[in-house]
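One structure below.
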Amino acid sequence: MKRFFFLALLPVFLSAKAGEPHRVTVFTTLHSVRLELVFDSLPATGTKYTLLVMDNRTGRLVVNKVVTPTTAGNTLRFRADGLEVDPWTPMNPHLYRVALTIDEPGKAARREEKRIGFRLFESKNGHLFLNGKPIFLRGIAINPPDRGIPDSIEKSRRFAEQYVDFMKSIHVNIIRIPNNDTWYDVCDEKGMMVFGGNYSGTVDGQKPPKDYDKAIDWYKNKAFATIAGHPSLMVYAMTNETPFQGKTVAEWEKFLAYAAEKLRNWDSTRVYIANAGYGYGKAGDICDLHRYWGWYYSSPFTFLHARNDDEIIPFPKKAGQPITFTECVGNYSGPDGRYNLTPDHKNPGSQLNWTGHAPDDLQARLANEHQSFTFKQATELNRRLRSVNPELSGVFPFTILFYNWNTIRNFIDMGPKPVTSQARLSYSPVLVSWENWTTQLYAGATFHPILHIVNDADDFSDLHGADFVYRVIDEAQNVVATGNFPLPDIAYYAELDKPLSIALPADLAIGHYQLTGQIISNGRIVSENSDRLFIAGKDYAASAPKPQRQILLYEKGDGASSGFVQLSIPFRKITSFKNIPPASVLVIGENSADETFVQQAAAIKQFVAAGGRLLCLRQDSTLLPHLNAVLSTSIRNITMDLDYSQYPPPPRPSRNGYYVNPERPGHPVFDGIDREELKVWSDYTGWKESAKTGFPAIYPVTDGFVPADKKDMPRISVLGDYGPGLEGIAIAEIFDGKGSVLLCGMDLVRRSGLDPVAGRLLDNLIGYMGSGEMHSPDVLVTAPITWGDYGSEKGLLTGINSGLLLNSRPRIMGTGKTTITVTKEGHEFAGGDRSGFNTRPGIQYVPYGRRPWGPYTFRGFGDVPEPVNARDSIGEGTFYCAVPKGRTVANTLVWNPAEVPLEIHITVNGKEESRMIPAGVRATVAVPVSSTQITIRFRGDRRLVLLQTDFQ
């Protein structure tokens, strides 16, 4: 066969000589090709134009003919229709070459060439379509290039090929990348779809442009010029996160509506997101959202709101417009796996929300687990909720998939994180997904998960003749329950929902299990996935320490009493609070702090002061304020819902929450309970996501609280907290006289007999309050406190109450940025760059001491610390503890990272020592100690860093 060999690919955007085009753009549909050439001056009259299209694989000529252009100003357009060509698809990225020969009289013939693929990407009827087939976008938003990897590596063809191959191996079908011809060429060849364009908050440097037509020319000739001819490009970004509030919103919306229409006339073979994240599809073809549910705010389960447009979009959405989430998940961890604690940012507060004050050696594992969990929920809910809201059309986690970036020499050095294994499951073209809202169970129970199978096969095929096998397996991979059944045929882009009933053996050992499922066809695993379970026997709760005091229960209804009976807790019901023996434990049942409780508050306070112990179970927002009638320090109600779905959300904390952080893991309240079992609890309502309304009852905390005044913290022992910055309190003990009051905002009683962890916690609360041992409000410190090391701090600092802000500093490896800038607020940045956690993920900010920074609040929904008086450079912080007898001095190591001397004042139980710390110096300040009960107050410039306190 005769072959035509084309010249090397010319850049699309050229520095034109006289009579030569300065832009050549090629557009294709399934059976047509259109060329657009823009000149400074058109070729002469009588110029001959020859169009040639050739199959890149076989050399077959599709077109070879003389063509006549249409002319518009200095633009020539050429078109050929009805071509017999194979389409470009992700499974079969068939490529062709197009050439236009320009034979101008009196001049040597010139030829403009481009590699192309024939495909059509559309938005219609609430779906996205590739070549006439509906398609769901399984995207990743953080990718090279321009992420800190050396240019010689990340912009090389070999690196791009290996990266794209890996993405395809975990079933990603579209990536967001900047304009780079090498990367686009590789995506063309490998069948990787691309989301690209102007991912910026400006257009031609303006916010927004004043000259609309000049901005359109900028899009065509600069922003989109080098990418428009690539068949892999499916979605244009016109802008990113332009304002959704304020005076410029209307200006932006007017411009983007105009620009989208003009650009659609220019290139209708792709779709446009006018304002990625914040535009809601007012302009453009897609209603796109950015939601970091499960990272900065809310939870991954907030994606359940996507069932209904009006719950996630603040105005009536355009009919028939697809919905995408082109940024979500977050969970920015660094090269060592721990979360990146970027100063003056939302990240540190988010870290506390999800990995809490777990010891340093657990932080990386917990971060990896939550990143994978959030990825799983965000992606799988978006896919399986299509049966409820068919317009859900794509999801792009904006999360960091690899450990190493700026230190690598080749792709293999990047080191994929565990989340990539989750992506391989959650992005499987044929998805297996478990809807299971009862993940913590008693041995012998029967639970009822719903199996979802979503068929998004890459080859657009139906699923025929397959079987499904499910298993419950233990940590040693032993199968403890199993079943199988044949699957009906599942059409492409359709879903199967099947409720199951699985009985657990009664003799299972306590531990973690997996519910697994596999689709089997012709002996081959088509798809698989799993869900976590925690299973314990009835003896798990019963093994908790038993109370040594009499238990007196006051409640409306029989919730707590039923739970006590199931847990074999002896108790006596009372109807009055008069003359209660101080040697007993008084329990206020859930939602039972009624008017009688308030009216007899004096008797209850007298009971506590005399040595009685009062346990108050969960009280809702109406009744919780009644507790202040008996408390020595007031608490404040929280009413904001965790799953508030509009953007921006209100400031935190929320009244409900999960991922409870045990501030004192060795405390009797948490005996036998690991932080893993304090994340998500079993639903007791029988809820199903197909209901379209409501949420499952899976959050351990339903009625959290905060102190009304931080100055009361010496009398409050926070045992469990939650939420961004750990600001919400789940369990706390308040001391008064010889007794104490234990407050619990967790939803325990309604899970009696269902969730073994809830049962065990209730048993622990009763056992602790009914013990014969003395209760102490303070943590006993027996070893040096390394500030910023959560394990060493032992729960001394909770929420924002202490005023001691975690200091983080950049760990720089191979970035070329060696300078660290210290701001006047004390924040340390690599090279003065306030970003970096996503644009330069190889830079990691790690804990390094604490700073006297209070009093401070959290700014907005993102919980960014902000001093109450930002004009004053002096901050302070306080902590309380107990020390063994014989300790006579408190030594604190203080570092001054600033370039000027700074003074620190340290006060221990009223005794103050001051020291001027020279610039760059670490110095120890000693303060005498004369008691075993310690209050230490630090006061000084917010740049000062406390590194260690040791009682000797």
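To be explicit about the labels: the chains of the structure tokens are called A, B, and onward in the order shown, and within each one the residues are counted from 1, while ligands get numbers from 1 in the order they are shown.
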Which of region 350-413 of chain A DSSP labels strand (DSSP E or B), written as a VMD selection string: chain A and resid 392 to 397 402
Please, could you write that set of residues out with C-alpha atoms as a PDB file, in the first residue's frame?
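Saved file selection35.pdb follows:
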```pdb
ATOM      1  CA  LEU A 392     -25.230  13.427  37.880  1.00  0.00           C
ATOM      2  CA  SER A 393     -22.576  13.125  35.181  1.00  0.00           C
ATOM      3  CA  GLY A 394     -19.069  13.281  36.598  1.00  0.00           C
ATOM      4  CA  VAL A 395     -16.783  13.651  39.588  1.00  0.00           C
ATOM      5  CA  PHE A 396     -13.158  14.838  39.793  1.00  0.00           C
ATOM      6  CA  PRO A 397     -11.505  14.374  43.194  1.00  0.00           C
ATOM      7  CA  PHE A 402       1.122  10.206  45.103  1.00  0.00           C
TER       8      PHE A 402
END
```
Shell around Thr702 (chain A) at 8 Å using only C-alpha atoms, local window under 5 positions removed, as a ChimeraX atom specification: /A:618,620,655-657,745-747
Spatial neighbours of region 310-320 of chain A, 7 Å, only C-alpha atoms, chain gap at least 4 places, as a ChimeraX atom specification: /A:124-126,280,305-306,645-646
Written file, previous selection with N, CA, C and O atoms, as an mmCIF file, in the first residue's frame:
```cif
data_model
loop_
_atom_site.group_PDB
_atom_site.id
_atom_site.type_symbol
_atom_site.label_atom_id
_atom_site.label_comp_id
_atom_site.auth_asym_id
_atom_site.auth_seq_id
_atom_site.Cartn_x
_atom_site.Cartn_y
_atom_site.Cartn_z
ATOM 1 N N LYS A 124 -26.642 17.123 26.581
ATOM 2 C CA LYS A 124 -28.056 17.194 26.210
ATOM 3 C C LYS A 124 -28.865 16.258 27.104
ATOM 4 O O LYS A 124 -28.374 15.227 27.580
ATOM 5 N N ASN A 125 -30.085 16.665 27.349
ATOM 6 C CA ASN A 125 -31.032 15.845 28.124
ATOM 7 C C ASN A 125 -30.477 15.436 29.493
ATOM 8 O O ASN A 125 -30.756 14.336 29.982
ATOM 9 N N GLY A 126 -29.677 16.311 30.089
ATOM 10 C CA GLY A 126 -29.163 16.031 31.423
ATOM 11 C C GLY A 126 -27.986 15.088 31.470
ATOM 12 O O GLY A 126 -27.562 14.680 32.556
ATOM 13 N N TYR A 280 -22.641 27.277 38.723
ATOM 14 C CA TYR A 280 -23.931 26.570 38.733
ATOM 15 C C TYR A 280 -24.561 26.459 37.348
ATOM 16 O O TYR A 280 -25.767 26.286 37.231
ATOM 17 N N HIS A 305 -27.161 14.696 49.346
ATOM 18 C CA HIS A 305 -28.024 15.809 48.932
ATOM 19 C C HIS A 305 -28.111 15.912 47.412
ATOM 20 O O HIS A 305 -29.041 16.552 46.889
ATOM 21 N N ALA A 306 -27.168 15.319 46.703
ATOM 22 C CA ALA A 306 -27.192 15.393 45.244
ATOM 23 C C ALA A 306 -28.381 14.655 44.646
ATOM 24 O O ALA A 306 -28.619 14.746 43.429
ATOM 25 N N SER A 645 -26.004 21.751 53.051
ATOM 26 C CA SER A 645 -25.543 21.461 51.694
ATOM 27 C C SER A 645 -25.242 22.672 50.837
ATOM 28 O O SER A 645 -24.636 22.539 49.770
ATOM 29 N N GLN A 646 -25.677 23.867 51.244
ATOM 30 C CA GLN A 646 -25.420 25.040 50.412
ATOM 31 C C GLN A 646 -24.006 25.572 50.670
ATOM 32 O O GLN A 646 -23.373 25.232 51.660
#
```
Pick from A:Leu902, A:Ala457, A:Val587, A:Ile820, whichever lies nearest to Leu765 (chain A) using only C-alpha atoms: A:Val587
Write out as a JSON list (two decimals) with all heavy atoms, in the first residue's frame which residues come within 9 Å of region 710-713 of chain A when counting only C-alpha atoms, dropping same-chain ones fewer than 5 positions away.
```
[["chain", "number", "residue", "atom", "x", "y", "z"],
["A", 632, "SER", "N", -21.81, 24.19, 87.15],
["A", 632, "SER", "CA", -21.00, 25.26, 87.73],
["A", 632, "SER", "C", -20.40, 26.14, 86.65],
["A", 632, "SER", "O", -19.92, 27.24, 86.93],
["A", 632, "SER", "CB", -19.89, 24.66, 88.59],
["A", 632, "SER", "OG", -19.06, 23.81, 87.82],
["A", 633, "THR", "N", -20.37, 25.65, 85.42],
["A", 633, "THR", "CA", -19.90, 26.45, 84.29],
["A", 633, "THR", "C", -20.88, 26.21, 83.15],
["A", 633, "THR", "O", -21.30, 25.10, 82.94],
["A", 633, "THR", "CB", -18.49, 26.05, 83.85],
["A", 633, "THR", "OG1", -18.51, 25.63, 82.56],
["A", 633, "THR", "CG2", -17.90, 25.03, 84.67],
["A", 634, "SER", "N", -21.24, 27.24, 82.46],
["A", 634, "SER", "CA", -22.28, 27.14, 81.43],
["A", 634, "SER", "C", -21.74, 26.54, 80.14],
["A", 634, "SER", "O", -20.57, 26.74, 79.78],
["A", 634, "SER", "CB", -22.87, 28.53, 81.14],
["A", 634, "SER", "OG", -23.54, 29.03, 82.27],
["A", 718, "VAL", "N", -12.40, 17.79, 78.88],
["A", 718, "VAL", "CA", -12.94, 17.34, 77.60],
["A", 718, "VAL", "C", -12.38, 15.94, 77.32],
["A", 718, "VAL", "O", -11.18, 15.75, 77.18],
["A", 718, "VAL", "CB", -12.56, 18.31, 76.47],
["A", 718, "VAL", "CG1", -13.07, 17.79, 75.13],
["A", 718, "VAL", "CG2", -13.12, 19.69, 76.76],
["A", 800, "ILE", "N", -10.06, 25.21, 70.42],
["A", 800, "ILE", "CA", -9.34, 26.49, 70.37],
["A", 800, "ILE", "C", -9.27, 27.11, 71.76],
["A", 800, "ILE", "O", -8.93, 28.28, 71.91],
["A", 800, "ILE", "CB", -10.02, 27.46, 69.39],
["A", 800, "ILE", "CG1", -11.44, 27.81, 69.85],
["A", 800, "ILE", "CG2", -10.06, 26.89, 68.00],
["A", 800, "ILE", "CD1", -12.10, 28.87, 69.00],
["A", 801, "ASN", "N", -9.58, 26.30, 72.77],
["A", 801, "ASN", "CA", -9.78, 26.85, 74.10],
["A", 801, "ASN", "C", -8.50, 27.29, 74.79],
["A", 801, "ASN", "O", -8.50, 28.21, 75.60],
["A", 801, "ASN", "CB", -10.51, 25.83, 74.98],
["A", 801, "ASN", "CG", -11.84, 25.42, 74.38],
["A", 801, "ASN", "OD1", -12.66, 26.26, 74.05],
["A", 801, "ASN", "ND2", -12.04, 24.12, 74.19],
["A", 802, "SER", "N", -7.37, 26.65, 74.49],
["A", 802, "SER", "CA", -6.13, 26.94, 75.22],
["A", 802, "SER", "C", -5.45, 28.21, 74.72],
["A", 802, "SER", "O", -4.70, 28.85, 75.47],
["A", 802, "SER", "CB", -5.16, 25.78, 75.08],
["A", 802, "SER", "OG", -4.64, 25.71, 73.76],
["A", 880, "TYR", "N", -3.59, 23.40, 81.77],
["A", 880, "TYR", "CA", -3.74, 22.93, 83.14],
["A", 880, "TYR", "C", -3.34, 21.47, 83.19],
["A", 880, "TYR", "O", -3.63, 20.69, 82.27],
["A", 880, "TYR", "CB", -5.20, 23.08, 83.60],
["A", 880, "TYR", "CG", -5.79, 24.43, 83.26],
["A", 880, "TYR", "CD1", -6.47, 24.61, 82.05],
["A", 880, "TYR", "CD2", -5.66, 25.51, 84.12],
["A", 880, "TYR", "CE1", -7.01, 25.84, 81.72],
["A", 880, "TYR", "CE2", -6.20, 26.75, 83.79],
["A", 880, "TYR", "CZ", -6.86, 26.91, 82.58],
["A", 880, "TYR", "OH", -7.39, 28.13, 82.24]]
```
Selection near Gly139 (chain A), 10 Å with only C-alpha atoms, sequence-local residues under 2 positions removed, as JSON, numbers by chain: {"A": [136, 137, 141, 142, 167, 171, 172, 173, 174, 175, 176, 193, 194, 195, 325, 326, 327, 379, 394, 395, 396, 397, 398, 427]}
Long-range neighbours of Arg715 (chain A) as a list in words, 7 Å cut-off, only C-alpha atoms, 4 positions minimum in chain: Ile734, Phe735 and Pro777 of chain A
Region 599-701 of chain A near region 509-526 of chain A within 12 Å: what's each residue's closest atom pair and its distance in Å to one decimal, counting only C-alpha atoms, ordered by chain then ascending residue number, as JSON lines?
```
{"residue": "A:Gly672", "atom": "CA", "partner": "A:Ile510", "partner_atom": "CA", "distance": 10.9}
{"residue": "A:Ile673", "atom": "CA", "partner": "A:Gly511", "partner_atom": "CA", "distance": 11.2}
{"residue": "A:Asp674", "atom": "CA", "partner": "A:Gly511", "partner_atom": "CA", "distance": 11.0}
{"residue": "A:Glu676", "atom": "CA", "partner": "A:His512", "partner_atom": "CA", "distance": 10.0}
{"residue": "A:Glu677", "atom": "CA", "partner": "A:His512", "partner_atom": "CA", "distance": 9.8}
```
Shortest interatomic distance to Asp558 (chain A) - which of A:Asn455, A:Thr446, A:Ser752, A:Gln371, counting only C-alpha atoms: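 Checking each of A:Asn455, A:Thr446, A:Ser752, A:Gln371 against Asp558 (chain A), counting only C-alpha atoms, the winner is A:Ser752.
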12 Å contact set for Gly277 (chain A), only C-alpha atoms, chain neighbours under 3 positions out, as a VMD selection string: chain A and resid 199 to 201 237 to 244 273 to 274 280 to 282 286 to 292 313 323 to 328 395 to 396 398 647 to 648
Residue nearest Gly334 (chain A) among A:Lys220, A:Lys207, A:Arg115, A:Arg840 (counting only C-alpha atoms):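 The answer is A:Arg840, which sits nearest to Gly334 (chain A).
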Distance in Å - CA of Thr596 (chain A) versus CA of Ala732 (chain A):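 We find that CA of Thr596 (chain A) and CA of Ala732 (chain A) lie 23.6 Å from each other.
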Alpha helix (DSSP H) positions in region 741-833 of chain A, given as a PyMOL selection string: chain A and resi 756-769+790-793
